[in-house]
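Beneath this line is the structure, given in structure tokens, with notes to follow.
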Amino acid sequence: MYLKKTEKYILDYLKSNYKTNDLKEIQKGGMLVQKSPDGIDSDFGTSIPLRLAKIIRKNPMDIANTLSLELYKSKPGFISEIKPINPGYINFTISKKAITDTVKDIVFKPDFLNNYFEKKSTNIQIEFVSANPTGPLHVGHIRGAVYGSALAKILEYYGYNIKTEYYINNAGNQILEFGQSILNEISKENGNKIKNTNTKDSYKGTYIKSLAKSISKDFDIKNNNNDLVSDLTNIGINTMLQNIENDLIELGVKFDSWFKETDLFEYKIIDDVSTKLKELNLINKKDGATWFLSKQFGDDRDNVLIKQDGSHTYFYSDIANHYNKFFHRNFDKVINIWGADHQGHIKRTKYAMEALGVKPENLEIKISQMVTIKKGSETVKISKRSGEYITLQEIVKDVGKDACRYFFLSKAPNTQLTFDINLAKSQNSNNPIYYIQYAHARLSTLIKNAEILGIDINKTASFKIETQKEISLSKMLLEFPDVIIQISKELEPHHITKYTLDLASEFHSFYQSEKIIDQDNLGNTISKLILCKAIQKTLKKSLELMMISAPEKM
């Protein structure tokens with residue numbers, strides 16, 4: 001909260017006293033203001049004097065001393081101290097009054113946390129999961145689903161207009177192979193009496209057998225005069241999509257829209273793209289295929305749009321899909337969350353959209369890295385076509401939605417993640433989500449007990465923070481908006497999992513070390529309860545943004 005306010009205060013001063021080019025050079029060094037490390041007697045610090053020293057060629061400590069004095073002259077009320085530190089830093093301390101006023105606002109101002117950020121006009125679409133509808137979602141899809149849904153929730157809280165979408169890849173060879181696999185299984189069940197010239201199974205697993213058995217009950221194979229593979233493909237896809245939607249709902253994930261790849265062809269969107277690329281002279285026919293000339297944008301090679309056999313590549317559909325988002329549906333920004341196997345597609349997709357007039361910063365593509373599942377000492381492989389995998393449904397049923405969401409959200413998406421099923425199911429302090437939810441339940445019980453005793457917590461009550469733990473907890477509450485701002489900039493919601501765990505841990509330590517309800521000292525008790533109420537509301541809001549429940553008791 002006050003980190004960004006401090007940064008703005010410094011930036012306003014610099015803008016009026018330094019050249020624009022010098023200011024840009026200063027900002028190249030990263031964040032202007034950072035939280036002070038543990039052990040430093042201040043709240044925030046800046047290295048601006050060290051950065052300025054390289055530009056104006058002066059001693060950094062001289063700059064720090066001068067800048068500290070100048071900043072102090074116009075310091076806002078929330079800052080109590082500005083201090084230069086060797087070899088060229090400036091430290092800032094937040095006033096105790098600013099801290100206590102904010103804690104009271106959290107508790108007593110209606111919807112203070114709900115309406116902290118102003119509404120913005122930016123329309124953002126987030127596409128995630130988008131797995132081929134040729135089988136159940138496996139455990140690897142949980143990460144993208146949790147990441148995308150939490151990011152959408154947090155960006156909406158930050159004030160953006162958010163729409164979420166599942167892109168259905170319902171065109172191409174893999175779709176027909178799926179239908180053929182269903183037909184092959186039905187044929188086996190009927191003693192191979194059904195006319196079927198292709199017996200190669202591309203998709204295996206018990207789900208194909210179950211799907212075939214279910215379809216054959218209501219679908220007259222023998223008397224069907226149409227294209228069996230096509231008909232079975234459509235039925236199979238619709239069934240799988242319904243199952244996928246149901247599984248995602250169990251994980252707390254719902255989409256605003258489900259967009260079919262085939263719509264790009266049906267509504268001639270791909271033709272619009274073709275016309276546009278031709279007008280821009282970005283298409284070339286060579287070796288019987290049609291190519292997008294991506295080398296001129298910095299790619300290492302041109303890319304095929306239409307193959308020699310006349311079929312469209314996935315890349316061409318991707319271009320049309322994004323063209324539709326920006327130019328037909330008018331989103332200001334698009335965020336895609338792709339699996340690790342799509343890493344190589346990022347560069348060429350961004351080149352294509354830049355060629356069509358989309359600013360590079362308006363298309364963000366984030367990668368959700370692979371997941372390793374530990375089940376005891378066994379590492380389970382994930383493979384859709386072999387059928388040897390753990391499904392999303394199984395994991396959610398086994399460990400619960402809340403544990404799934406927390407653990408799969410707990411690491412930066414571009415890092416490998418190991419999901420320990422035994423840890424996720426444990427009911428003790430070693431399990432971080434249990435520890436966090438227990439903190440919320442403990443706080444709820446504490447506040448309820450105070451109400452039973454007739455202890456009145458109201459906005460007219462005196463509130464003071466005296467012990468080191470009270471000060472530390474209060475300052476942690478002030479960090480919550482800064483965490484949201486950081487997530488909104490980096491598009492990585494794992495920061496909120498760490499913040500929530502740290503806040504819960506600090507509260508548990510406070511609860512164990514200090515007597516909170518003391519009827520012989522009501523003034524002190526009320527102050528502690530106000531602090532506890534602020535912690536409870538902040539934990540609840542954090543859990544809500546992760547789409548995790550906040551139990552009142554455990």
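A note on labels: chains of the structure tokens are A, B, ... as shown, every chain counts residues from 1, and ligands are counted from 1 in their shown order.
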**OP:** For region 388-402 of chain A, work out the shell of residues within 10 Å, counting only C-alpha atoms and skipping chain neighbours fewer than 5 positions away, then give it as a ChimeraX atom specification.
**Re:** /A:135-142,204-206,243-244,246-252,373,380-383,407,421-426,433-434,437,543,546-550
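Residues lying within 7 Å of Pro49 (chain A), counting only C-alpha atoms and ignoring same-chain neighbours fewer than 6 positions away, are A:Pro60, A:Ile63, A:Ala64, A:Gly88, A:Tyr89.
Within the 8 Å cut-off around region 299-316 of chain A, using only C-alpha atoms and omitting residues fewer than 2 positions from it on the same chain, the listed residues are Ile270, Asp287, Gly288, Ala289, Thr290, Trp291, Phe292, Leu293, Ser294, Lys295, Gln296, Phe297, Asp318, Ile319, Ala320, Lys347, Arg348, Thr349 and Tyr351 of chain A.
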Original post:
Taking into account only C-alpha atoms, which residue in the set A:Ala450, A:Phe265, A:Ala403, A:Phe44 is nearest to Asp518 (chain A)?
Top reply: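 Among the listed residues, A:Ala450 lies closest to Asp518 (chain A).
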Sort by chain and increasing residue number a table of all residues of region 494-513 of chain A within 12 Å of region 439-449 of chain A, each with its closest pair of atoms and their distance in Å to one decimal, counting only C-alpha atoms, and write it as a tab-separated table.
residue	atom	partner	partner_atom	distance
A:Thr500	CA	A:Ala439	CA	10.2
A:Leu501	CA	A:Ala439	CA	9.5
A:Asp502	CA	A:Ala439	CA	11.1
A:Leu503	CA	A:Ala439	CA	9.1
A:Ala504	CA	A:Ala439	CA	5.6
A:Ser505	CA	A:Ala439	CA	8.0
A:Glu506	CA	A:Ala439	CA	9.7
A:Phe507	CA	A:Ala439	CA	7.2
A:His508	CA	A:Ala439	CA	6.7
A:Ser509	CA	A:Ala439	CA	10.4
A:Phe510	CA	A:Ala439	CA	11.0
A:Tyr511	CA	A:Arg442	CA	9.2
A:Gln512	CA	A:Arg442	CA	11.5
Original post:
Per DSSP on the backbone, what are the strand (DSSP E) residues of region 118-311 of chain A, as an NGL selection string?
Top reply: :A and (123-127 or 161-168 or 257-260 or 283-286 or 289-292 or 303-306)
**OP:** Could you give me, as a PyMOL selection string, each residue of region 246-424 of chain A that DSSP assigns to alpha helix (DSSP H) when run on this structure's backbone?
**Re:** chain A and resi 246-250+262-266+269-279+314-323+346-355+392-399+401-409+421-424
**OP:** Excluding Lys528 (chain A) and any residue of its chain fewer than 2 positions from it, enumerate the residues within 9 Å of it, using only C-alpha atoms, and give them as JSON, numbers by chain.
**Re:** {"A": [463, 464, 465, 470, 516, 517, 523, 524, 525, 526, 530, 531, 532, 533]}
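What separates CA of Ile186 (chain A) from CA of Asn173 (chain A) is a distance of 20.1 Å.
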Subject >> Residue among A:Thr46, A:Thr460, A:Gly298, A:Asn284 lying closest to Glu354 (chain A), counting only C-alpha atoms >> reply: A:Gly298
**OP:** With a distance cut-off of 12 Å and only C-alpha atoms, select the neighbouring residues of Phe219 (chain A), excluding the residue or stretch itself and same-chain residues fewer than 4 positions from it, and output the selection as a count of residues only.
**Re:** 14
**OP:** Tell me, as a PyMOL selection string, which residues lie within 10 Å of region 81-85 of chain A, counting only C-alpha atoms; anything in the same chain fewer than 4 positions away does not count.
**Re:** chain A and resi 42-47+49+61-69+71-72+75+89-95
